[in-house]
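my_file_29.txt (compact mmCIF, C-alpha atoms) appears below.
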# COMPACT_ATOMS: atom_id res chain seq x y z
CA MET Z 1404 101.00 114.24 131.50
CA ALA Z 1405 99.28 113.58 128.16
CA PRO Z 1406 101.69 113.13 125.23
CA SER Z 1407 102.18 116.05 122.85
CA PHE Z 1408 101.50 115.46 119.17
CA GLU Z 1409 102.38 118.90 117.87
CA ASP Z 1410 105.20 117.66 115.63
CA GLY Z 1411 105.72 114.67 113.38
CA ASN Z 1412 108.62 113.27 115.39
CA SER Z 1413 106.58 112.92 118.57
CA VAL Z 1414 103.73 111.28 116.65
CA PHE Z 1415 106.11 108.84 114.94
CA GLU Z 1416 107.78 107.95 118.23
CA PHE Z 1417 104.48 107.33 120.03
CA VAL Z 1418 102.54 105.64 117.24
CA VAL Z 1419 105.19 103.68 115.33
CA ARG Z 1420 108.30 103.12 117.45
CA ARG Z 1421 106.51 102.52 120.74
CA GLY Z 1422 103.71 100.58 119.11
CA ASN Z 1423 100.76 102.56 120.44
CA GLY Z 1424 99.26 102.84 116.97
CA VAL Z 1425 96.44 105.14 115.91
CA LYS Z 1426 94.31 103.48 118.59
CA GLY Z 1427 96.72 104.88 121.20
CA LEU Z 1428 96.40 108.35 119.72
CA VAL Z 1429 92.62 108.24 119.95
CA ASP Z 1430 92.66 106.77 123.45
CA SER Z 1431 94.88 109.65 124.61
CA GLY Z 1432 91.92 112.00 124.17
CA LEU Z 1433 92.86 113.42 120.79
CA SER Z 1434 90.45 116.15 119.64
CA LYS Z 1435 91.93 116.84 116.20
CA VAL Z 1436 94.03 114.95 113.69
CA PRO Z 1437 97.80 115.56 114.05
CA GLU Z 1438 99.48 117.19 111.08
CA ALA Z 1439 101.33 113.94 110.32
CA TYR Z 1440 97.99 112.40 109.24
CA VAL Z 1441 96.67 115.30 107.16
CA GLN Z 1442 96.61 114.20 103.52
CA PRO Z 1443 97.24 116.51 100.56
CA PRO Z 1444 93.89 117.69 99.16
CA LYS Z 1445 94.18 115.49 96.06
CA GLU Z 1446 94.48 112.36 98.23
CA ARG Z 1447 91.45 113.07 100.42
CA ILE Z 1448 88.21 111.21 99.78
CA ASP Z 1449 85.22 113.38 98.96
CA LYS Z 1450 82.36 110.97 99.47
CA GLU Z 1451 79.94 113.45 97.89
CA ASN Z 1452 81.74 112.97 94.56
CA THR Z 1453 81.66 109.17 94.51
CA VAL Z 1454 79.30 106.64 92.98
CA LYS Z 1455 77.66 103.77 94.85
CA HIS Z 1456 78.14 100.30 93.38
CA GLY Z 1457 74.63 99.17 92.54
CA LEU Z 1458 75.20 95.65 91.25
CA PRO Z 1459 73.93 92.79 93.42
CA PRO Z 1460 76.44 90.30 94.83
CA ILE Z 1461 77.25 87.23 92.74
CA ASP Z 1462 75.65 84.00 94.00
CA LEU Z 1463 78.43 81.42 93.97
CA SER Z 1464 76.06 78.53 94.72
CA LYS Z 1465 75.08 78.70 91.04
CA LEU Z 1466 78.59 77.60 90.05
CA ASP Z 1467 77.71 74.11 91.26
CA GLY Z 1468 76.36 72.12 88.36
CA PHE Z 1469 75.82 73.17 84.76
CA GLY Z 1470 73.22 75.06 82.77
CA PRO Z 1471 72.22 78.67 82.23
CA ASP Z 1472 72.62 79.70 85.89
CA HIS Z 1473 76.20 78.39 85.93
CA ASP Z 1474 77.08 80.15 82.67
CA GLU Z 1475 75.50 83.40 83.85
CA VAL Z 1476 77.60 83.44 87.02
CA VAL Z 1477 80.76 82.65 85.04
CA ASP Z 1478 80.00 85.62 82.80
CA GLN Z 1479 79.38 87.87 85.83
CA ILE Z 1480 82.73 86.92 87.43
CA VAL Z 1481 84.71 87.39 84.21
CA LYS Z 1482 83.03 90.71 83.41
CA ALA Z 1483 83.67 92.03 86.92
CA ALA Z 1484 87.36 91.07 86.71
CA GLU Z 1485 87.67 92.68 83.28
CA THR Z 1486 86.05 95.98 84.27
CA LEU Z 1487 86.11 97.07 87.92
CA GLY Z 1488 88.35 94.33 89.35
CA PHE Z 1489 86.09 94.16 92.44
CA PHE Z 1490 82.90 92.21 93.11
CA GLN Z 1491 80.94 90.85 96.06
CA VAL Z 1492 79.91 87.21 96.53
CA VAL Z 1493 77.30 85.43 98.63
CA ASN Z 1494 76.73 81.71 99.25
CA HIS Z 1495 80.51 81.52 99.28
CA GLY Z 1496 80.87 78.60 101.69
CA VAL Z 1497 82.29 80.58 104.62
CA PRO Z 1498 79.97 80.07 107.62
CA LEU Z 1499 78.00 83.21 108.43
CA HIS Z 1500 78.56 82.84 112.17
CA LEU Z 1501 82.29 82.89 111.43
CA LEU Z 1502 82.01 86.26 109.67
CA GLU Z 1503 80.47 87.78 112.79
CA SER Z 1504 83.03 86.11 115.03
CA LEU Z 1505 85.88 87.51 112.93
CA LYS Z 1506 84.61 91.07 113.29
CA ASP Z 1507 84.09 90.66 117.04
CA THR Z 1508 87.56 89.14 117.45
CA ALA Z 1509 89.19 92.00 115.53
CA HIS Z 1510 87.54 94.59 117.78
CA TYR Z 1511 88.61 92.59 120.83
CA PHE Z 1512 92.23 92.27 119.71
CA PHE Z 1513 92.65 95.99 119.05
CA SER Z 1514 91.05 96.79 122.41
CA LEU Z 1515 93.91 94.98 124.18
CA PRO Z 1516 96.54 97.06 126.03
CA PRO Z 1517 99.19 98.52 123.68
CA GLN Z 1518 101.96 96.41 125.20
CA ARG Z 1519 100.14 93.18 124.27
CA LYS Z 1520 100.03 94.20 120.59
CA ALA Z 1521 103.41 95.92 120.47
CA VAL Z 1522 105.28 92.66 121.15
CA TYR Z 1523 104.61 91.87 117.47
CA ARG Z 1524 106.20 95.03 116.07
CA SER Z 1525 108.43 94.01 113.17
CA ASP Z 1526 111.65 94.88 114.96
CA VAL Z 1527 110.85 92.79 118.05
CA SER Z 1528 108.25 90.19 116.96
CA PRO Z 1529 109.03 86.70 118.27
CA SER Z 1530 108.12 85.28 114.85
CA PRO Z 1531 108.68 86.43 111.26
CA LEU Z 1532 105.16 85.14 110.58
CA VAL Z 1533 103.50 87.90 112.63
CA LYS Z 1534 103.78 91.67 112.29
CA TYR Z 1535 101.86 94.37 114.16
CA GLY Z 1536 102.06 97.84 112.71
CA THR Z 1537 100.39 101.04 111.66
CA SER Z 1538 99.95 102.82 108.32
CA PHE Z 1539 101.65 101.04 105.37
CA MET Z 1540 105.20 102.34 105.06
CA PRO Z 1541 105.42 105.03 107.77
CA GLU Z 1542 109.12 105.64 107.21
CA LYS Z 1543 108.46 106.70 103.60
CA GLU Z 1544 105.00 108.25 103.67
CA LYS Z 1545 104.44 111.99 103.38
CA ALA Z 1546 101.25 111.58 105.39
CA LEU Z 1547 100.43 108.59 107.59
CA GLU Z 1548 97.39 106.35 107.08
CA TRP Z 1549 94.77 106.14 109.85
CA LYS Z 1550 95.04 102.38 110.36
CA ASP Z 1551 96.53 99.77 112.70
CA TYR Z 1552 96.92 96.14 111.66
CA ILE Z 1553 98.15 92.70 112.64
CA LEU Z 1554 99.48 90.69 109.68
CA MET Z 1555 100.02 86.92 109.68
CA GLN Z 1556 101.80 84.79 107.10
CA TYR Z 1557 100.46 81.26 106.69
CA THR Z 1558 102.89 78.40 106.18
CA ASN Z 1559 101.03 75.49 107.77
CA ASP Z 1560 98.53 74.91 110.58
CA ASP Z 1561 101.14 73.82 113.11
CA GLU Z 1562 103.26 76.97 112.72
CA ALA Z 1563 100.16 79.18 112.75
CA LEU Z 1564 98.97 77.61 115.98
CA GLN Z 1565 102.44 78.01 117.48
CA HIS Z 1566 103.20 81.60 116.41
CA TRP Z 1567 100.00 83.53 115.67
CA PRO Z 1568 98.53 85.56 118.56
CA GLN Z 1569 96.53 83.40 120.94
CA GLU Z 1570 93.50 85.71 120.85
CA ILE Z 1571 92.93 85.46 117.08
CA LYS Z 1572 94.62 82.36 115.65
CA GLY Z 1573 91.68 79.95 115.91
CA VAL Z 1574 89.13 82.10 114.12
CA LEU Z 1575 91.63 83.20 111.45
CA LEU Z 1576 92.62 79.62 110.64
CA GLU Z 1577 88.96 78.68 110.27
CA TYR Z 1578 88.45 81.70 107.98
CA LEU Z 1579 91.39 80.66 105.80
CA ARG Z 1580 90.36 77.00 105.59
CA SER Z 1581 86.77 77.84 104.66
CA SER Z 1582 87.77 80.46 102.05
CA ILE Z 1583 90.39 78.63 99.99
CA GLY Z 1584 87.88 76.41 98.19
CA MET Z 1585 86.03 79.53 97.05
CA VAL Z 1586 89.27 81.16 95.85
CA LYS Z 1587 90.09 78.06 93.79
CA LYS Z 1588 86.61 78.09 92.22
CA LEU Z 1589 87.01 81.73 91.24
CA LEU Z 1590 90.44 81.09 89.72
CA GLN Z 1591 89.08 78.10 87.82
CA VAL Z 1592 86.50 80.41 86.28
CA LEU Z 1593 88.92 83.26 85.56
CA LEU Z 1594 91.66 81.06 84.13
CA GLY Z 1595 89.13 78.83 82.39
CA ASN Z 1596 88.26 81.91 80.36
CA PHE Z 1597 91.72 81.49 78.80
CA GLY Z 1598 91.35 77.75 78.22
CA ILE Z 1599 93.08 76.53 81.39
CA LYS Z 1600 91.57 73.33 82.81
CA PRO Z 1601 90.08 73.30 86.34
CA ASP Z 1602 92.65 70.74 87.53
CA ASP Z 1603 95.67 72.61 86.16
CA PRO Z 1604 98.40 72.77 88.85
CA MET Z 1605 98.86 76.47 88.01
CA ILE Z 1606 95.83 77.25 90.18
CA ASP Z 1607 97.55 75.94 93.30
CA VAL Z 1608 100.77 77.72 92.31
CA LEU Z 1609 98.97 81.06 92.12
CA ILE Z 1610 97.75 80.74 95.73
CA GLY Z 1611 100.83 79.01 97.12
CA LYS Z 1612 101.36 81.81 99.66
CA LYS Z 1613 98.67 83.24 101.93
CA MET Z 1614 98.66 86.20 104.30
CA LEU Z 1615 95.84 87.33 106.57
CA SER Z 1616 95.38 90.69 108.20
CA MET Z 1617 93.09 92.24 110.75
CA ASN Z 1618 92.78 95.97 110.07
CA PHE Z 1619 91.50 98.51 112.56
CA TYR Z 1620 90.44 102.05 111.64
CA PRO Z 1621 89.69 104.01 114.83
CA ALA Z 1622 86.99 106.68 114.77
CA CYS Z 1623 88.66 109.84 113.49
CA PRO Z 1624 87.95 113.42 114.67
CA ASN Z 1625 88.55 114.85 111.16
CA PRO Z 1626 87.81 112.10 108.60
CA ASP Z 1627 87.75 114.56 105.69
CA LEU Z 1628 91.48 115.25 106.19
CA THR Z 1629 92.70 111.66 106.41
CA VAL Z 1630 92.61 108.28 104.70
CA GLY Z 1631 92.41 104.85 106.29
CA VAL Z 1632 94.41 103.41 103.41
CA GLY Z 1633 95.82 105.37 100.49
CA ARG Z 1634 95.43 104.60 96.80
CA HIS Z 1635 96.90 101.22 95.90
CA SER Z 1636 96.31 97.90 94.21
CA ASP Z 1637 96.90 94.56 95.92
CA MET Z 1638 100.08 92.78 94.96
CA GLY Z 1639 98.86 89.19 94.80
CA THR Z 1640 96.46 87.01 92.80
CA LEU Z 1641 93.06 87.39 94.49
CA THR Z 1642 92.10 89.08 97.75
CA VAL Z 1643 89.15 88.01 99.90
CA LEU Z 1644 87.88 90.81 102.15
CA LEU Z 1645 85.41 90.80 104.99
CA GLN Z 1646 84.28 94.35 105.75
CA ASP Z 1647 81.98 95.35 108.56
CA GLY Z 1648 78.74 97.30 108.25
CA ILE Z 1649 80.31 100.77 108.45
CA GLY Z 1650 81.67 101.00 104.92
CA GLY Z 1651 84.37 103.24 103.49
CA LEU Z 1652 85.89 101.13 100.68
CA TYR Z 1653 86.28 102.95 97.35
CA VAL Z 1654 87.49 101.63 93.99
CA LYS Z 1655 88.68 103.62 90.97
CA MET Z 1656 87.09 102.81 87.62
CA GLU Z 1657 89.60 102.19 84.84
CA GLN Z 1658 87.03 102.45 82.06
CA ASP Z 1659 83.48 103.62 81.42
CA ILE Z 1660 80.97 101.07 82.69
CA ASP Z 1661 77.22 100.96 83.26
CA TYR Z 1662 77.25 102.78 86.58
CA GLY Z 1663 80.08 105.28 86.13
CA LYS Z 1664 82.86 106.64 83.98
CA LYS Z 1665 86.62 106.21 83.86
CA GLY Z 1666 88.36 107.91 86.77
CA ASP Z 1667 85.31 107.92 89.05
CA TRP Z 1668 85.61 106.49 92.55
CA ILE Z 1669 82.90 103.98 93.38
CA GLU Z 1670 81.94 102.87 96.88
CA ILE Z 1671 81.67 99.15 97.57
CA PRO Z 1672 78.85 99.22 100.15
CA PRO Z 1673 78.73 96.65 102.93
CA THR Z 1674 76.36 93.83 102.00
CA PRO Z 1675 75.10 91.46 104.71
CA ASN Z 1676 76.71 87.99 104.56
CA ALA Z 1677 78.86 88.94 101.56
CA LEU Z 1678 82.60 88.83 100.98
CA VAL Z 1679 84.43 91.25 98.70
CA ILE Z 1680 86.77 89.81 96.05
CA ASN Z 1681 89.35 91.83 94.19
CA VAL Z 1682 91.86 91.12 91.46
CA GLY Z 1683 95.53 91.60 92.35
CA ASP Z 1684 98.53 92.65 90.27
CA MET Z 1685 99.63 89.08 89.55
CA LEU Z 1686 96.32 88.25 87.89
CA GLN Z 1687 96.45 91.43 85.82
CA ILE Z 1688 99.95 90.47 84.66
CA LEU Z 1689 99.07 86.83 83.93
CA SER Z 1690 96.04 87.94 81.90
CA ASN Z 1691 98.20 90.45 80.00
CA GLY Z 1692 95.98 93.25 81.26
CA LYS Z 1693 92.61 91.61 80.53
CA TYR Z 1694 91.77 91.47 84.24
CA LYS Z 1695 92.15 94.67 86.22
CA SER Z 1696 93.87 94.84 89.58
CA ALA Z 1697 91.70 97.48 91.15
CA GLU Z 1698 93.09 100.70 92.57
CA HIS Z 1699 91.29 101.24 95.86
CA ARG Z 1700 91.42 103.18 99.12
CA VAL Z 1701 89.62 103.42 102.46
CA ARG Z 1702 87.91 106.39 104.08
CA THR Z 1703 87.82 107.01 107.83
CA THR Z 1704 84.72 107.89 109.82
CA SER Z 1705 84.04 110.02 112.87
CA THR Z 1706 81.22 107.89 114.24
CA SER Z 1707 82.61 104.38 114.81
CA SER Z 1708 85.77 102.35 114.60
CA ARG Z 1709 85.86 100.11 111.53
CA VAL Z 1710 87.44 96.67 111.01
CA SER Z 1711 88.21 94.65 107.91
CA ILE Z 1712 89.80 91.22 107.54
CA PRO Z 1713 91.48 90.39 104.21
CA ILE Z 1714 93.09 87.18 102.98
CA PHE Z 1715 95.80 87.84 100.41
CA THR Z 1716 96.63 84.95 98.06
CA MET Z 1717 99.69 84.97 95.86
CA PRO Z 1718 102.38 82.69 94.41
CA ARG Z 1719 105.40 81.77 96.49
CA GLU Z 1720 108.34 84.19 96.41
CA THR Z 1721 110.44 82.02 94.06
CA THR Z 1722 107.73 81.72 91.39
CA LYS Z 1723 108.45 83.13 87.94
CA ILE Z 1724 105.61 85.33 86.71
CA VAL Z 1725 104.92 86.02 83.04
CA PRO Z 1726 101.76 86.66 80.98
CA LEU Z 1727 100.03 83.47 79.86
CA PRO Z 1728 101.43 82.49 76.44
CA GLN Z 1729 98.00 81.73 74.96
CA VAL Z 1730 96.85 85.26 75.86
CA VAL Z 1731 100.00 86.87 74.47
CA GLU Z 1732 99.64 84.87 71.26
CA LYS Z 1733 96.09 86.16 70.84
CA ASP Z 1734 97.03 89.73 71.75
CA GLY Z 1735 100.13 89.78 69.57
CA THR Z 1736 102.39 91.31 72.22
CA ALA Z 1737 103.23 90.95 75.90
CA LEU Z 1738 102.58 93.97 78.09
CA TYR Z 1739 104.67 92.63 80.98
CA ARG Z 1740 108.12 91.10 81.28
CA GLU Z 1741 109.06 87.93 83.16
CA PHE Z 1742 110.19 88.35 86.77
CA VAL Z 1743 110.51 86.43 90.03
CA LEU Z 1744 107.85 87.36 92.58
CA ILE Z 1745 110.30 88.16 95.39
CA ASP Z 1746 111.69 91.04 93.31
CA TYR Z 1747 108.20 92.43 92.77
CA MET Z 1748 107.51 92.12 96.50
CA LYS Z 1749 110.67 94.04 97.41
CA ASN Z 1750 109.60 96.88 95.13
CA PHE Z 1751 106.00 96.82 96.39
CA PHE Z 1752 106.86 96.84 100.09
CA GLY Z 1753 109.73 99.28 99.62
CA ASN Z 1754 107.56 102.24 98.66
CA ALA Z 1755 104.60 104.19 99.96
CA HIS Z 1756 101.19 103.65 98.38
CA GLU Z 1757 100.92 105.41 95.02
CA GLY Z 1758 98.00 104.01 93.07
CA LYS Z 1759 98.99 101.24 90.66
CA LYS Z 1760 102.57 102.47 90.24
CA SER Z 1761 103.87 99.12 91.53
CA LEU Z 1762 102.89 97.60 88.16
CA ASP Z 1763 105.52 99.76 86.46
CA PHE Z 1764 108.07 97.28 87.79
CA ALA Z 1765 106.74 94.62 85.39
CA GLN Z 1766 105.44 96.69 82.49
CA ILE Z 1767 107.51 96.59 79.34
CA ASN Z 1768 106.52 100.15 78.42
CA PRO Z 1769 105.29 101.81 81.64
CA THR Z 1770 103.19 104.93 81.15

Spit out the file's structure as structure tokens when you get a sec.
Amino acid sequence: MAPSFEDGNSVFEFVVRRGNGVKGLVDSGLSKVPEAYVQPPKERIDKENTVKHGLPPIDLSKLDGFGPDHDEVVDQIVKAAETLGFFQVVNHGVPLHLLESLKDTAHYFFSLPPQRKAVYRSDVSPSPLVKYGTSFMPEKEKALEWKDYILMQYTNDDEALQHWPQEIKGVLLEYLRSSIGMVKKLLQVLLGNFGIKPDDPMIDVLIGKKMLSMNFYPACPNPDLTVGVGRHSDMGTLTVLLQDGIGGLYVKMEQDIDYGKKGDWIEIPPTPNALVINVGDMLQILSNGKYKSAEHRVRTTSTSSRVSIPIFTMPRETTKIVPLPQVVEKDGTALYREFVLIDYMKNFFGNAHEGKKSLDFAQINPT
């Protein structure tokens, strides 16, 4: 007999506790979205009232060497971080065949039988480095997010090879190795804007911890009622995101810019061979608010299942975070207090998505 999803308890039991995920719901022959996934009207994404991001991707190959091309790209990166907090990059050093392999591998992993994925549920996972789940914080959300994921923490290659799922570990390790050089280059540019030297050890500190995720958004019978991911900013320093060709990523503008006004939602369209970069909360705090950790969300679609593969970089849990003194001196006041990252993480992962509210934890005078 097909499972009944008439009430929230039965959905929660099937999707979360038993590890079937949203994929299991869809595979059961679902014809409409269960009430547990129906978002309040203000949280739904009306794609007719959004703006498309029209700027071309930034060509990172121009960072090599000096001259006007180099300076132009530096200006593009800094301006993007100061305004939208999101930008796309090409010639990033990650092999293009690897990008395709990552997307194929993600689809393959989520096509596996539920019991193969469910062994990594947080309450039973054989390793604290691997977590399979659905939504973001299902125990605390008023409406669930239409997403399944497998999340890996990176400590070193040996532990990754030992503990990460066999089906995905090789391609994910290659993705991480080939992306870190790019992340360092971007941080050298962004911190160099504040006078920090390219060889400053702070750059390695800010990416001392890495997490990778494969996200799966099954085709949804009623995409207008749901979200793949609700409004949030990323907690860390910089995020690298590979999205597939389907699209659905939207970013909120914090100020009026050339292609939209404050409060508008702008779509980051898929660009062939590009990676998406976004500023995280830690970089906003370090820059004393100069760089914007972007509030973003993901729409579902009725036509195809979507995958995305982010790398989250951040300091280690024991790192003390405080705005850069040279920025505070110039600004005249600090907008954020000093804290240890683990305390920020506990607050971030202890609550449902709610825009950029997680930054209130560090703000001296939260709005």

### Task
Determine, counting all atoms listed in the file, which protein, DNA and RNA residues have an atom within 10 Å of an atom of segment 1716-1731 of chain Z; residues of the same chain fewer than 5 positions away are not included. Present the result as a PyMOL selection string.
chain Z and resi 1583+1586+1594+1597-1599+1605-1615+1637-1643+1683-1693+1736-1748+1765

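For the choices Z:Ser1413, Z:Val1493, Z:Ala1484, Z:Arg1421, the atom-to-atom distance to Gln1518 of chain Z is smallest for Z:Arg1421 when using only C-alpha atoms.
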
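Minimum atom-to-atom distances from Z:Arg1634, Z:His1495, Z:Lys1695, Z:His1473 to Lys1587 of chain Z were compared using all atoms listed in the file, and the lowest value belongs to Z:His1495.
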
## Note on the structure
Closest of Z:Thr1629, Z:Ser1636, Z:Asp1478, Z:Glu1698 to Gly1666 of chain Z, counting all atoms listed in the file, is Z:Glu1698

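Taking atom CA of Leu1532 of chain Z as the reference point, atom CA of Tyr1511 of chain Z is found at 20.8 Å.
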
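Comparing the minimum interatomic distances between Lys1506 of chain Z and each of Z:Asn1625, Z:Asn1618, Z:Thr1704, Z:Asn1750, counting all atoms listed in the file, we find that Z:Asn1618 sits nearest.
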
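Nearest-residue note for Val1533 of chain Z: choosing from Z:Ser1514, Z:Pro1459, Z:Met1617, Z:Asp1602, the minimum distance belongs to Z:Met1617, counting all atoms listed in the file.
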
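The spacing separating atom CA of Glu1577 of chain Z from atom CA of Ile1714 of chain Z amounts to 11.9 Å.
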
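Across the model, the gap from atom CA of Val1492 of chain Z to atom CA of Asp1462 of chain Z is 5.9 Å.
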
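For the set Z:Gly1424, Z:Pro1604, Z:Gly1758, Z:Pro1568, the residue with the smallest atom-to-atom gap to Tyr1552 of chain Z is Z:Gly1424, counting only C-alpha atoms.
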
### Query
Counting all atoms listed in the file, what is within 9 Å of Leu1458 of chain Z, bar same-chain residues fewer than 2 positions away, as a PyMOL selection string?
chain Z and resi 1456+1460-1461+1490-1491+1662

### Contact residues around Glu1438 of chain Z with only C-alpha atoms at 12 Å, ignoring same-chain residues under 4 positions, as a list in words
Phe1408, Glu1409, Asp1410, Gly1411, Asn1412, Ser1413, Val1414, Phe1415, Gln1442, Pro1443, Lys1545, Ala1546, Leu1547, Glu1548, Asn1625, Leu1628 and Thr1629 of chain Z

### Task
Take the point (84.5, 83.8, 87.2) in the file's coordinates, draw a sphere of radius 6 Å around it, and report as a ChimeraX atom specification every protein, DNA or RNA residue with an atom inside or on it, counting all atoms listed in the file.
/Z:1477,1480-1481,1589,1592-1593

### Message
Neighbouring residues of Cys1623 of chain Z were defined as those with any atom within 12 Å, considering only C-alpha atoms; residues of the same chain fewer than 4 positions away were excluded. Please report them as a VMD selection string.
### Response
chain Z and resid 1425 to 1426 1428 to 1430 1432 to 1437 1440 to 1441 1548 to 1550 1619 1627 to 1631 1702 to 1709

Just write the chosen residues, C-alpha atoms, as a PDB file, in the coordinates of the input.
ATOM      1  CA  VAL Z1425      96.440 105.140 115.910  1.00  0.00           C
ATOM      2  CA  LYS Z1426      94.310 103.480 118.590  1.00  0.00           C
ATOM      3  CA  LEU Z1428      96.400 108.350 119.720  1.00  0.00           C
ATOM      4  CA  VAL Z1429      92.620 108.240 119.950  1.00  0.00           C
ATOM      5  CA  ASP Z1430      92.660 106.770 123.450  1.00  0.00           C
ATOM      6  CA  GLY Z1432      91.920 112.000 124.170  1.00  0.00           C
ATOM      7  CA  LEU Z1433      92.860 113.420 120.790  1.00  0.00           C
ATOM      8  CA  SER Z1434      90.450 116.150 119.640  1.00  0.00           C
ATOM      9  CA  LYS Z1435      91.930 116.840 116.200  1.00  0.00           C
ATOM     10  CA  VAL Z1436      94.030 114.950 113.690  1.00  0.00           C
ATOM     11  CA  PRO Z1437      97.800 115.560 114.050  1.00  0.00           C
ATOM     12  CA  TYR Z1440      97.990 112.400 109.240  1.00  0.00           C
ATOM     13  CA  VAL Z1441      96.670 115.300 107.160  1.00  0.00           C
ATOM     14  CA  GLU Z1548      97.390 106.350 107.080  1.00  0.00           C
ATOM     15  CA  TRP Z1549      94.770 106.140 109.850  1.00  0.00           C
ATOM     16  CA  LYS Z1550      95.040 102.380 110.360  1.00  0.00           C
ATOM     17  CA  PHE Z1619      91.500  98.510 112.560  1.00  0.00           C
ATOM     18  CA  ASP Z1627      87.750 114.560 105.690  1.00  0.00           C
ATOM     19  CA  LEU Z1628      91.480 115.250 106.190  1.00  0.00           C
ATOM     20  CA  THR Z1629      92.700 111.660 106.410  1.00  0.00           C
ATOM     21  CA  VAL Z1630      92.610 108.280 104.700  1.00  0.00           C
ATOM     22  CA  GLY Z1631      92.410 104.850 106.290  1.00  0.00           C
ATOM     23  CA  ARG Z1702      87.910 106.390 104.080  1.00  0.00           C
ATOM     24  CA  THR Z1703      87.820 107.010 107.830  1.00  0.00           C
ATOM     25  CA  THR Z1704      84.720 107.890 109.820  1.00  0.00           C
ATOM     26  CA  SER Z1705      84.040 110.020 112.870  1.00  0.00           C
ATOM     27  CA  THR Z1706      81.220 107.890 114.240  1.00  0.00           C
ATOM     28  CA  SER Z1707      82.610 104.380 114.810  1.00  0.00           C
ATOM     29  CA  SER Z1708      85.770 102.350 114.600  1.00  0.00           C
ATOM     30  CA  ARG Z1709      85.860 100.110 111.530  1.00  0.00           C
TER      31      ARG Z1709
END

Please fill the gaps in segment 1732-1736 of chain Z so it has all heavy atoms, and write that as a PDB file, in the coordinates of the input.
ATOM      1  N   GLU Z1732      99.750  85.274  72.666  1.00  0.00           N
ATOM      2  CA  GLU Z1732      99.640  84.870  71.260  1.00  0.00           C
ATOM      3  C   GLU Z1732      98.408  85.525  70.621  1.00  0.00           C
ATOM      4  O   GLU Z1732      98.461  86.026  69.490  1.00  0.00           O
ATOM      5  CB  GLU Z1732      99.532  83.350  71.158  1.00  0.00           C
ATOM      6  CG  GLU Z1732      99.493  82.843  69.726  1.00  0.00           C
ATOM      7  CD  GLU Z1732      99.428  81.326  69.647  1.00  0.00           C
ATOM      8  OE1 GLU Z1732      99.542  80.654  70.684  1.00  0.00           O
ATOM      9  OE2 GLU Z1732      99.248  80.820  68.524  1.00  0.00           O
ATOM     10  N   LYS Z1733      97.318  85.548  71.359  1.00  0.00           N
ATOM     11  CA  LYS Z1733      96.090  86.160  70.840  1.00  0.00           C
ATOM     12  C   LYS Z1733      96.222  87.672  70.737  1.00  0.00           C
ATOM     13  O   LYS Z1733      95.756  88.284  69.775  1.00  0.00           O
ATOM     14  CB  LYS Z1733      94.922  85.778  71.751  1.00  0.00           C
ATOM     15  CG  LYS Z1733      93.571  86.242  71.245  1.00  0.00           C
ATOM     16  CD  LYS Z1733      92.446  85.765  72.153  1.00  0.00           C
ATOM     17  CE  LYS Z1733      91.087  86.243  71.660  1.00  0.00           C
ATOM     18  NZ  LYS Z1733      89.978  85.827  72.548  1.00  0.00           N
ATOM     19  N   ASP Z1734      96.883  88.276  71.748  1.00  0.00           N
ATOM     20  CA  ASP Z1734      97.030  89.730  71.750  1.00  0.00           C
ATOM     21  C   ASP Z1734      98.082  90.229  70.773  1.00  0.00           C
ATOM     22  O   ASP Z1734      98.045  91.382  70.347  1.00  0.00           O
ATOM     23  CB  ASP Z1734      97.410  90.217  73.159  1.00  0.00           C
ATOM     24  CG  ASP Z1734      96.289  90.016  74.162  1.00  0.00           C
ATOM     25  OD1 ASP Z1734      95.159  89.709  73.740  1.00  0.00           O
ATOM     26  OD2 ASP Z1734      96.551  90.154  75.382  1.00  0.00           O
ATOM     27  N   GLY Z1735      99.062  89.395  70.488  1.00  0.00           N
ATOM     28  CA  GLY Z1735     100.130  89.780  69.570  1.00  0.00           C
ATOM     29  C   GLY Z1735     101.348  90.364  70.236  1.00  0.00           C
ATOM     30  O   GLY Z1735     102.407  90.453  69.621  1.00  0.00           O
ATOM     31  N   THR Z1736     101.248  90.760  71.500  1.00  0.00           N
ATOM     32  CA  THR Z1736     102.390  91.310  72.220  1.00  0.00           C
ATOM     33  C   THR Z1736     102.190  91.169  73.720  1.00  0.00           C
ATOM     34  O   THR Z1736     101.055  91.197  74.206  1.00  0.00           O
ATOM     35  CB  THR Z1736     102.611  92.801  71.864  1.00  0.00           C
ATOM     36  OG1 THR Z1736     103.803  93.275  72.489  1.00  0.00           O
ATOM     37  CG2 THR Z1736     101.449  93.660  72.320  1.00  0.00           C
TER      38      THR Z1736
END
